[in-house]
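Structure data follow from input39.pdb (PDB, C-alpha atoms and all ligand atoms):
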```pdb
MODEL        1
ATOM      1  CA  MET A  36      55.247 138.434 174.133
ATOM      2  CA  THR A  37      55.019 136.395 170.982
ATOM      3  CA  ASN A  38      51.514 135.554 169.823
ATOM      4  CA  PHE A  39      52.509 134.836 166.233
ATOM      5  CA  LEU A  40      55.344 132.563 165.094
ATOM      6  CA  PRO A  41      56.897 131.969 161.659
ATOM      7  CA  LEU A  42      56.077 128.394 160.702
ATOM      8  CA  VAL A  43      57.974 126.346 158.092
ATOM      9  CA  GLU A  44      55.795 123.261 158.409
ATOM     10  CA  LYS A  45      53.753 121.058 160.713
ATOM     11  CA  PHE A  46      53.416 117.310 160.353
ATOM     12  CA  HIS A  47      52.338 114.195 162.185
ATOM     13  CA  SER A  48      55.019 111.488 161.971
ATOM     14  CA  LEU A  49      57.119 109.184 164.115
ATOM     15  CA  GLN A  50      59.899 110.699 166.192
ATOM     16  CA  GLY A  51      62.846 109.604 164.056
ATOM     17  CA  GLU A  52      65.742 110.271 166.451
ATOM     18  CA  GLY A  53      66.941 109.712 169.985
ATOM     19  CA  PHE A  54      65.240 108.173 173.006
ATOM     20  CA  HIS A  55      61.641 108.445 171.682
ATOM     21  CA  THR A  56      62.450 106.996 168.254
ATOM     22  CA  GLY A  57      59.443 105.259 166.721
ATOM     23  CA  GLN A  58      56.792 107.070 168.771
ATOM     24  CA  SER A  59      53.853 108.961 167.287
ATOM     25  CA  ALA A  60      54.541 112.694 167.420
ATOM     26  CA  PHE A  61      53.289 115.978 165.995
ATOM     27  CA  PHE A  62      56.040 118.335 164.804
ATOM     28  CA  ILE A  63      56.042 122.084 164.396
ATOM     29  CA  ARG A  64      59.077 123.532 162.639
ATOM     30  CA  LEU A  65      59.625 127.204 163.447
ATOM     31  CA  ALA A  66      61.528 129.351 160.970
ATOM     32  CA  GLY A  67      64.783 131.167 161.613
ATOM     33  CA  CYS A  68      68.270 129.998 162.494
ATOM     34  CA  SER A  69      71.535 131.932 162.644
ATOM     35  CA  VAL A  70      73.705 129.107 164.028
ATOM     36  CA  GLY A  71      74.845 128.113 160.529
ATOM     37  CA  CYS A  72      75.898 124.429 160.784
ATOM     38  CA  SER A  73      77.604 123.500 157.490
ATOM     39  CA  TRP A  74      75.828 120.114 157.339
ATOM     40  CA  CYS A  75      72.375 121.319 158.455
ATOM     41  CA  ASP A  76      69.591 119.321 156.803
ATOM     42  CA  THR A  77      67.020 122.119 157.141
ATOM     43  CA  LYS A  78      68.818 125.090 155.612
ATOM     44  CA  HIS A  79      65.541 126.090 153.964
ATOM     45  CA  SER A  80      64.284 127.036 157.451
ATOM     46  CA  TRP A  81      67.045 129.556 158.212
ATOM     47  CA  ASP A  82      65.409 132.673 156.722
ATOM     48  CA  LYS A  83      62.339 133.436 158.796
ATOM     49  CA  GLU A  84      61.216 136.175 156.397
ATOM     50  CA  LYS A  85      60.265 133.462 153.888
ATOM     51  CA  TYR A  86      57.540 132.050 156.142
ATOM     52  CA  PRO A  87      54.148 133.344 157.275
ATOM     53  CA  LEU A  88      53.520 134.437 160.852
ATOM     54  CA  ILE A  89      50.898 132.072 162.240
ATOM     55  CA  PRO A  90      48.769 132.851 165.307
ATOM     56  CA  ILE A  91      49.535 130.569 168.254
ATOM     57  CA  LYS A  92      45.815 129.792 168.434
ATOM     58  CA  LYS A  93      45.905 128.249 164.951
ATOM     59  CA  ILE A  94      48.981 126.155 165.801
ATOM     60  CA  ILE A  95      47.157 124.827 168.866
ATOM     61  CA  ASP A  96      44.127 123.808 166.776
ATOM     62  CA  GLU A  97      46.491 121.664 164.674
ATOM     63  CA  ILE A  98      48.076 120.158 167.798
ATOM     64  CA  LYS A  99      44.628 119.211 169.132
ATOM     65  CA  LYS A 100      43.683 117.562 165.824
ATOM     66  CA  ALA A 101      46.927 115.561 165.717
ATOM     67  CA  ARG A 102      46.455 114.465 169.318
ATOM     68  CA  LYS A 103      42.986 113.110 168.481
ATOM     69  CA  LYS A 104      44.615 111.109 165.667
ATOM     70  CA  GLY A 105      47.146 109.585 168.077
ATOM     71  CA  ALA A 106      50.135 111.908 168.420
ATOM     72  CA  SER A 107      51.390 111.260 171.941
ATOM     73  CA  PHE A 108      53.589 114.349 172.188
ATOM     74  CA  LEU A 109      54.509 117.550 170.399
ATOM     75  CA  VAL A 110      58.037 118.215 169.109
ATOM     76  CA  ILE A 111      58.979 121.867 168.646
ATOM     77  CA  THR A 112      61.883 122.128 166.233
ATOM     78  CA  GLY A 113      63.229 124.427 163.549
ATOM     79  CA  GLY A 114      65.309 126.289 162.548
ATOM     80  CA  GLU A 115      66.355 127.146 166.062
ATOM     81  CA  PRO A 116      63.075 127.278 167.989
ATOM     82  CA  LEU A 117      64.553 129.138 170.959
ATOM     83  CA  HIS A 118      65.469 132.113 168.769
ATOM     84  CA  HIS A 119      61.818 132.881 169.647
ATOM     85  CA  ASN A 120      60.375 133.457 173.090
ATOM     86  CA  LEU A 121      58.162 130.389 173.522
ATOM     87  CA  ASP A 122      56.634 131.283 176.922
ATOM     88  CA  ASN A 123      53.241 132.172 175.447
ATOM     89  CA  LEU A 124      53.166 129.202 173.080
ATOM     90  CA  CYS A 125      53.891 126.659 175.833
ATOM     91  CA  GLN A 126      51.544 128.298 178.314
ATOM     92  CA  ALA A 127      48.720 128.317 175.776
ATOM     93  CA  ILE A 128      49.380 124.689 174.747
ATOM     94  CA  ASN A 129      49.251 123.579 178.382
ATOM     95  CA  LYS A 130      46.030 125.486 178.979
ATOM     96  CA  GLU A 131      44.245 124.550 175.763
ATOM     97  CA  THR A 132      45.168 120.854 175.684
ATOM     98  CA  SER A 133      44.241 120.004 179.276
ATOM     99  CA  GLU A 134      40.737 118.828 180.009
ATOM    100  CA  LYS A 135      39.187 117.268 183.068
ATOM    101  CA  ASP A 136      39.917 113.740 181.857
ATOM    102  CA  GLN A 137      43.182 114.561 180.045
ATOM    103  CA  ASN A 138      46.587 115.956 180.992
ATOM    104  CA  PRO A 139      48.125 118.604 178.745
ATOM    105  CA  ILE A 140      50.016 117.226 175.761
ATOM    106  CA  LYS A 141      53.701 116.635 176.499
ATOM    107  CA  ILE A 142      55.988 119.193 174.864
ATOM    108  CA  HIS A 143      59.432 118.209 173.573
ATOM    109  CA  ILE A 144      61.970 120.629 172.100
ATOM    110  CA  GLU A 145      64.969 120.162 169.797
ATOM    111  CA  THR A 146      67.502 122.919 170.439
ATOM    112  CA  SER A 147      71.143 123.861 170.035
ATOM    113  CA  GLY A 148      70.893 125.772 173.335
ATOM    114  CA  VAL A 149      72.426 129.014 172.060
ATOM    115  CA  ASN A 150      69.584 131.177 173.371
ATOM    116  CA  LYS A 151      68.104 131.954 176.753
ATOM    117  CA  MET A 152      65.552 129.353 177.813
ATOM    118  CA  SER A 153      61.861 130.173 177.324
ATOM    119  CA  GLY A 154      58.765 127.989 177.588
ATOM    120  CA  ASN A 155      58.426 124.795 179.620
ATOM    121  CA  TYR A 156      59.156 121.298 178.386
ATOM    122  CA  ASP A 157      58.649 117.663 179.296
ATOM    123  CA  TRP A 158      61.687 116.655 177.247
ATOM    124  CA  ILE A 159      64.674 118.724 176.126
ATOM    125  CA  THR A 160      66.902 117.403 173.355
ATOM    126  CA  LEU A 161      70.093 119.415 173.474
ATOM    127  CA  SER A 162      72.157 119.207 170.302
ATOM    128  CA  PRO A 163      75.091 121.510 171.015
ATOM    129  CA  LYS A 164      77.275 122.775 168.212
ATOM    130  CA  ARG A 165      81.062 122.898 168.336
ATOM    131  CA  HIS A 166      81.330 126.297 166.632
ATOM    132  CA  LEU A 167      78.687 127.946 168.869
ATOM    133  CA  PRO A 168      78.475 126.176 172.247
ATOM    134  CA  PRO A 169      75.272 126.264 174.324
ATOM    135  CA  LYS A 170      74.473 128.476 177.279
ATOM    136  CA  THR A 171      75.617 126.913 180.576
ATOM    137  CA  TYR A 172      71.973 126.594 181.686
ATOM    138  CA  PHE A 173      71.396 123.818 179.158
ATOM    139  CA  LEU A 174      74.294 121.700 180.407
ATOM    140  CA  GLU A 175      72.287 121.139 183.600
ATOM    141  CA  ASN A 176      68.852 121.154 182.009
ATOM    142  CA  PHE A 177      68.431 118.592 179.273
ATOM    143  CA  ASN A 178      67.054 115.086 178.980
ATOM    144  CA  GLU A 179      69.082 113.842 176.049
ATOM    145  CA  LEU A 180      72.289 115.155 174.582
ATOM    146  CA  LYS A 181      72.637 114.506 170.856
ATOM    147  CA  ILE A 182      75.962 115.296 169.189
ATOM    148  CA  ILE A 183      76.119 115.192 165.395
ATOM    149  CA  ILE A 184      79.268 113.474 164.143
ATOM    150  CA  ASN A 185      80.580 114.874 160.885
ATOM    151  CA  ASP A 186      84.321 114.618 161.500
ATOM    152  CA  LYS A 187      86.842 113.575 164.149
ATOM    153  CA  LYS A 188      86.669 116.956 165.907
ATOM    154  CA  ASP A 189      83.015 116.234 166.737
ATOM    155  CA  ILE A 190      84.069 113.122 168.673
ATOM    156  CA  ASP A 191      86.493 115.260 170.688
ATOM    157  CA  PHE A 192      83.682 117.772 171.243
ATOM    158  CA  ALA A 193      81.337 115.002 172.478
ATOM    159  CA  ILE A 194      83.951 113.810 174.992
ATOM    160  CA  ASP A 195      84.716 117.353 176.180
ATOM    161  CA  ILE A 196      81.116 118.462 176.627
ATOM    162  CA  LYS A 197      80.175 115.280 178.533
ATOM    163  CA  GLN A 198      83.164 115.884 180.811
ATOM    164  CA  GLU A 199      81.993 119.466 181.356
ATOM    165  CA  ILE A 200      78.548 118.135 182.322
ATOM    166  CA  MET A 201      80.047 115.533 184.689
ATOM    167  CA  ASN A 202      82.175 118.245 186.350
ATOM    168  CA  LYS A 203      78.979 120.183 187.054
ATOM    169  CA  TYR A 204      77.437 117.179 188.793
ATOM    170  CA  GLN A 205      80.311 117.038 191.235
ATOM    171  CA  ASN A 206      79.086 120.332 192.654
ATOM    172  CA  LEU A 207      75.501 119.102 193.143
ATOM    173  CA  SER A 208      73.978 117.577 196.272
ATOM    174  CA  SER A 209      73.630 113.787 196.313
ATOM    175  CA  LYS A 210      69.842 114.106 195.768
ATOM    176  CA  ASP A 211      70.313 116.228 192.630
ATOM    177  CA  ASN A 212      73.109 113.923 191.567
ATOM    178  CA  PHE A 213      70.575 111.097 191.374
ATOM    179  CA  TYR A 214      68.930 112.764 188.385
ATOM    180  CA  LYS A 215      72.064 112.586 186.297
ATOM    181  CA  LEU A 216      71.365 108.884 185.888
ATOM    182  CA  ASP A 217      68.283 109.759 183.842
ATOM    183  CA  LYS A 218      70.174 111.650 181.192
ATOM    184  CA  LYS A 219      70.816 109.998 177.832
ATOM    185  CA  TYR A 220      73.840 110.523 175.625
ATOM    186  CA  TYR A 221      73.596 110.065 171.859
ATOM    187  CA  VAL A 222      75.907 110.452 168.913
ATOM    188  CA  GLN A 223      74.152 110.803 165.569
ATOM    189  CA  PRO A 224      76.072 110.568 162.298
ATOM    190  CA  ALA A 225      75.696 113.462 159.880
ATOM    191  CA  TRP A 226      73.390 112.173 157.186
ATOM    192  CA  GLU A 227      75.033 110.575 154.147
ATOM    193  CA  ASN A 228      78.551 111.120 155.461
ATOM    194  CA  ALA A 229      80.327 107.740 155.447
ATOM    195  CA  ARG A 230      83.175 109.034 157.627
ATOM    196  CA  GLY A 231      80.632 110.322 160.175
ATOM    197  CA  PHE A 232      78.989 106.887 160.293
ATOM    198  CA  SER A 233      82.225 104.944 160.847
ATOM    199  CA  LEU A 234      83.474 107.417 163.474
ATOM    200  CA  THR A 235      80.136 107.186 165.312
ATOM    201  CA  ILE A 236      80.019 103.385 165.312
ATOM    202  CA  ASP A 237      83.619 103.031 166.508
ATOM    203  CA  PHE A 238      83.004 105.602 169.229
ATOM    204  CA  VAL A 239      79.930 103.816 170.623
ATOM    205  CA  LYS A 240      81.706 100.432 170.488
ATOM    206  CA  ASN A 241      84.461 101.819 172.689
ATOM    207  CA  ASN A 242      82.317 104.113 174.871
ATOM    208  CA  PRO A 243      79.229 102.182 176.005
ATOM    209  CA  GLU A 244      77.800 105.083 178.011
ATOM    210  CA  TRP A 245      77.031 106.673 174.624
ATOM    211  CA  ASN A 246      74.219 105.427 172.350
ATOM    212  CA  LEU A 247      73.771 105.526 168.598
ATOM    213  CA  SER A 248      70.921 107.693 167.266
ATOM    214  CA  LEU A 249      69.960 107.274 163.620
ATOM    215  CA  GLN A 250      67.629 109.498 161.619
ATOM    216  CA  THR A 251      65.231 106.612 161.070
ATOM    217  CA  HIS A 252      62.634 108.760 159.267
ATOM    218  CA  LYS A 253      65.156 109.333 156.466
ATOM    219  CA  TYR A 254      65.631 105.581 155.926
ATOM    220  CA  LEU A 255      61.851 105.188 155.935
ATOM    221  CA  LYS A 256      61.518 108.128 153.509
ATOM    222  CA  ILE A 257      58.891 109.763 155.687
ATOM    223  CA  LYS A 258      58.867 113.243 157.221
TER     224      LYS A 258
HETATM  225  C1  LIG A 301      67.354 120.732 162.128
HETATM  226  S1  LIG A 301      67.757 120.733 163.830
HETATM  227  C2  LIG A 301      66.593 121.890 164.505
HETATM  228  C3  LIG A 301      66.722 122.098 165.989
HETATM  229  C4  LIG A 301      67.946 122.894 166.472
HETATM  230  N1  LIG A 301      68.293 123.947 165.597
HETATM  231  C5  LIG A 301      69.125 121.981 166.693
HETATM  232  O1  LIG A 301      70.064 122.011 165.899
HETATM  233  O2  LIG A 301      69.073 121.214 167.656
HETATM  234  C6  LIG A 301      67.096 119.158 164.412
HETATM  235  C7  LIG A 301      68.123 118.094 164.722
HETATM  236  O3  LIG A 301      68.696 117.629 163.522
HETATM  237  C8  LIG A 301      70.091 117.525 163.681
HETATM  238  N2  LIG A 301      70.672 117.575 162.335
HETATM  239  C9  LIG A 301      70.642 118.624 161.484
HETATM  240  N3  LIG A 301      71.232 118.329 160.315
HETATM  241  C10 LIG A 301      71.642 117.038 160.407
HETATM  242  C11 LIG A 301      72.326 116.161 159.522
HETATM  243  N4  LIG A 301      72.714 116.537 158.296
HETATM  244  N5  LIG A 301      72.577 114.908 159.943
HETATM  245  C12 LIG A 301      72.218 114.501 161.191
HETATM  246  N6  LIG A 301      71.559 115.287 162.063
HETATM  247  C13 LIG A 301      71.278 116.543 161.690
HETATM  248  C14 LIG A 301      70.415 118.683 164.608
HETATM  249  O4  LIG A 301      71.670 118.584 165.253
HETATM  250  C15 LIG A 301      69.275 118.575 165.593
HETATM  251  O5  LIG A 301      69.568 117.603 166.561
HETATM  252  N1  LIG A 302      60.431 112.100 161.872
HETATM  253  C1  LIG A 302      61.216 113.106 162.238
HETATM  254  N2  LIG A 302      61.829 113.043 163.444
HETATM  255  C2  LIG A 302      62.577 114.112 163.815
HETATM  256  N3  LIG A 302      63.233 114.293 164.971
HETATM  257  C3  LIG A 302      63.817 115.490 164.971
HETATM  258  C4  LIG A 302      63.527 116.130 163.758
HETATM  259  C5  LIG A 302      63.916 117.540 163.494
HETATM  260  O1  LIG A 302      64.064 117.920 162.336
HETATM  261  O2  LIG A 302      64.098 118.261 164.480
HETATM  262  C6  LIG A 302      62.748 115.246 163.014
HETATM  263  C7  LIG A 302      62.129 115.270 161.712
HETATM  264  O3  LIG A 302      62.255 116.181 160.890
HETATM  265  N4  LIG A 302      61.374 114.178 161.400
HETATM  266  S1  LIG A 303      71.324 124.907 164.806
HETATM  267 FE1  LIG A 303      69.931 123.366 164.008
HETATM  268  S2  LIG A 303      68.692 124.399 162.413
HETATM  269 FE2  LIG A 303      70.416 125.754 162.930
HETATM  270  S3  LIG A 303      71.929 125.301 161.382
HETATM  271 FE3  LIG A 303      72.412 123.972 163.134
HETATM  272  S4  LIG A 303      71.261 122.063 162.774
HETATM  273 FE4  LIG A 303      70.454 123.605 161.366
HETATM  274 MG    MG A 304      65.177 116.833 160.934
ENDMDL
END
```

Turn the structure described in the file into structure tokens.
Ligand SMILES: C[S@@+](CC[C@H](N)C(=O)[O-])C[C@H]1O[C@@H](n2cnc3c(N)ncnc32)[C@H](O)[C@@H]1O
Ligand SMILES: Nc1nc2[nH]cc(C(=O)O)c2c(=O)[nH]1
Ligand code: SF4
Ligand SMILES: [Mg+2]
Amino acid sequence: MTNFLPLVEKFHSLQGEGFHTGQSAFFIRLAGCSVGCSWCDTKHSWDKEKYPLIPIKKIIDEIKKARKKGASFLVITGGEPLHHNLDNLCQAINKETSEKDQNPIKIHIETSGVNKMSGNYDWITLSPKRHLPPKTYFLENFNELKIIINDKKDIDFAIDIKQEIMNKYQNLSSKDNFYKLDKKYYVQPAWENARGFSLTIDFVKNNPEWNLSLQTHKYLKIK
């Protein structure tokens, strides 16, 4: 079990993307990613050998400090955070951040879904990639789906993957089916790609069950 994790950075900011945009959050960015998206904005995180292995205990001390300063949830991102087994990390966070007058801090994850699930989360942002689709598990277990739009093929991918998810719901009981209403669907333009922006806007105009997600932190020039 993993008691040390390679850490690129940690920072307290506002969640810039998706459903929780604008909310105070503490981020940990784990190193390592072999998914290889051409437009990835965190390529510096891909090589985990470049980053120090940090004890989980130390990461949790930082989470506790950020929570005292107002962070209302933790976002685990990367790199691809689920390249690592996060069972121990999540278990320890839940244990160490719960007190008699306080629930454990909520844990969110940003993932492409290419690995087996590990850890436990209050919010799963699934950002599947066309060239390396996610494990089936994630198609039933996510809170928001966030497709990055870089070219027209990404629009087709968004339509296809949502259809695949809807087909799965048809096999669920009516009680389970109820939960599908809670899921959010976002398209997010690839940063600084004008074609991606116009494709995304046109798509949302014509497909109102999809929402626009912008990387607001980049406009604000904050982390
Ligand atoms: C850097 S990734 C890390 C988490 C995980 N590897 C993943 O892709 O979901 C965090 C989020 O940023 C998105 N992203 C990465 N590069 C982007 C870019 N150039 N423009 C817009 N979104 C981007 C990813 O799709 C993902 O939703
Ligand atoms: N402010 C801010 N919000 C974010 N939401 C997802 C991010 C990520 O890189 O995973 C991110 C990030 O890097 N910064
Ligand atoms: S999966 Fe995430 S971190 Fe990895 S290359 Fe793609 S966007 Fe970047
Ligand atoms: Mg980012």

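Neighbouring residues of A:Glu145 at 10 Å or closer, counting all atoms listed in the file and skipping chain neighbours under 2 positions away, are Arg64, Val110, Ile111, Thr112, Gly113, Gly114, Glu115, Pro116, Leu117, His143, Ser147, Gly148, Trp158, Ile159, Thr160, Leu161, Ser162, Glu179 and Lys181 of chain A.
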
Neighbourhood of ligand LIG 302 (chain A) at 12 Å, counting all atoms listed in the file, reported as a ChimeraX atom specification | /A:43-66,75-80,109-116,143-147,159-162,181,223,248-258

Spatial neighbours of A:Ile183, 9 Å, all atoms listed in the file, chain gap at least 6 places, as a list in words = Ser162, Pro163, Lys164, Asp189, Ile190, Ala193, Tyr221, Val222, Gln223, Pro224, Ala225, Gly231 and Thr235 of chain A

For atom CA of A:Ile95 and atom CA of A:Thr37, determine how far apart the two atoms are, in Å to one decimal place.
->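 According to the coordinates, atom CA of A:Ile95 and atom CA of A:Thr37 are separated by 14.1 Å.
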
Report the distance between atom CA of A:Leu207 and atom CA of A:Thr171 in Å, rounded to one decimal place.
->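 According to the coordinates, atom CA of A:Leu207 and atom CA of A:Thr171 are separated by 14.8 Å.
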
How big is the axis-aligned box, and where does its centre sit, when it encloses all atoms of ligand LIG 301 (chain A) listed in the file and has 6 Å added on every side, reported in Å to one decimal as AutoDock Vina command-line options?
```
--center_x 69.7 --center_y 119.2 --center_z 163.0 --size_x 18.1 --size_y 21.4 --size_z 21.4
```

At what distance in Å, to one decimal, does atom CA of A:Val149 lie from atom CA of A:Pro168?
->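 Spanning atom CA of A:Pro168 to atom CA of A:Val149 is a straight-line distance of 6.7 Å.
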
Using the chain letters and numbers from the file, which residues does the PyMOL selection byres (((chain A and resi 131) around 10) and not hetatm) grab, as a count of residues only?
-> 16

Best match for closeness to ligand MG 304 (chain A) among A:Tyr172, A:Tyr204, A:Phe232, A:Trp226, counting all atoms listed in the file =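 The closest residue to ligand MG 304 (chain A) is A:Trp226.
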
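Nearest to A:Leu40 of all the residues A:Lys219, A:Arg165, A:His119, A:Arg102 is A:His119, counting only C-alpha atoms.
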
Check the smallest atom-to-atom distance from each of A:Leu174, A:Ile142, A:Leu121, A:Ile184 to ligand LIG 303 (chain A) using only C-alpha atoms and all ligand atoms, then report the winner.
->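 That would be A:Ile184, the residue with the smallest distance to ligand LIG 303 (chain A).
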
Quick one: residues within 10 Å of A:His166, only C-alpha atoms counted, chain neighbours fewer than 6 positions away excluded, as a PyMOL selection string?
-> chain A and resi 70-72+192

Those residues you just picked out, can you put them in a file as a CSV table (one decimal), in the coordinates of the input with C-alpha atoms?
```
chain,number,residue,atom,x,y,z
A,70,VAL,CA,73.7,129.1,164.0
A,71,GLY,CA,74.8,128.1,160.5
A,72,CYS,CA,75.9,124.4,160.8
A,192,PHE,CA,83.7,117.8,171.2
```

Which of these, A:Ser233, A:Ile196, A:Leu247, A:Pro41, has the shortest distance to A:Pro169 once you count only C-alpha atoms?
-> A:Ile196

Specify as a PyMOL selection string each residue included when the PyMOL selection byres (((chain A and resi 91) around 7) and not hetatm) is applied to this file.
-> chain A and resi 38-40+89-90+92-95+124

Residue nearest ligand LIG 301 (chain A) among A:Lys218, A:Asn228, A:Lys104, A:Phe177 (counting all atoms listed in the file) |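 Closest to ligand LIG 301 (chain A) of all the choices is A:Asn228.
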
Using only C-alpha atoms and all ligand atoms, find the one residue out of A:Trp81, A:Trp74, A:Tyr220, A:Tyr86 that sits nearest to ligand LIG 301 (chain A).
->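 Counting only C-alpha atoms and all ligand atoms, the residue closest to ligand LIG 301 (chain A) is A:Trp74.
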
Extract stretch 91-120 of chain A from the coordinates I pasted, and write it as a PDB file, in the first residue's frame (atoms kept: C-alpha atoms).
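Wrote it out as decode_27.pdb, contents follow:
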```pdb
ATOM      1  CA  ILE A  91       0.891  10.852   3.239  1.00  0.00           C
ATOM      2  CA  LYS A  92       1.096  12.199   6.791  1.00  0.00           C
ATOM      3  CA  LYS A  93       2.771  15.389   5.551  1.00  0.00           C
ATOM      4  CA  ILE A  94       0.165  15.861   2.802  1.00  0.00           C
ATOM      5  CA  ILE A  95      -2.573  15.565   5.429  1.00  0.00           C
ATOM      6  CA  ASP A  96      -0.947  18.246   7.609  1.00  0.00           C
ATOM      7  CA  GLU A  97      -1.188  20.608   4.614  1.00  0.00           C
ATOM      8  CA  ILE A  98      -4.829  19.650   4.015  1.00  0.00           C
ATOM      9  CA  LYS A  99      -5.664  20.409   7.661  1.00  0.00           C
ATOM     10  CA  LYS A 100      -3.959  23.816   7.454  1.00  0.00           C
ATOM     11  CA  ALA A 101      -5.818  24.725   4.252  1.00  0.00           C
ATOM     12  CA  ARG A 102      -9.118  23.633   5.773  1.00  0.00           C
ATOM     13  CA  LYS A 103      -8.551  25.962   8.744  1.00  0.00           C
ATOM     14  CA  LYS A 104      -8.003  28.784   6.231  1.00  0.00           C
ATOM     15  CA  GLY A 105     -11.323  28.036   4.512  1.00  0.00           C
ATOM     16  CA  ALA A 106     -10.816  25.335   1.885  1.00  0.00           C
ATOM     17  CA  SER A 107     -14.159  23.549   1.762  1.00  0.00           C
ATOM     18  CA  PHE A 108     -12.936  20.477  -0.111  1.00  0.00           C
ATOM     19  CA  LEU A 109      -9.817  18.770  -1.398  1.00  0.00           C
ATOM     20  CA  VAL A 110      -9.207  18.190  -5.118  1.00  0.00           C
ATOM     21  CA  ILE A 111      -6.822  15.363  -5.993  1.00  0.00           C
ATOM     22  CA  THR A 112      -5.470  15.886  -9.489  1.00  0.00           C
ATOM     23  CA  GLY A 113      -2.320  15.307 -11.501  1.00  0.00           C
ATOM     24  CA  GLY A 114      -0.876  13.943 -13.703  1.00  0.00           C
ATOM     25  CA  GLU A 115      -3.246  11.021 -13.564  1.00  0.00           C
ATOM     26  CA  PRO A 116      -3.905  10.552  -9.844  1.00  0.00           C
ATOM     27  CA  LEU A 117      -5.342   7.053 -10.238  1.00  0.00           C
ATOM     28  CA  HIS A 118      -2.057   5.754 -11.656  1.00  0.00           C
ATOM     29  CA  HIS A 119      -1.449   5.468  -7.883  1.00  0.00           C
ATOM     30  CA  ASN A 120      -3.390   3.367  -5.416  1.00  0.00           C
TER      31      ASN A 120
END
```
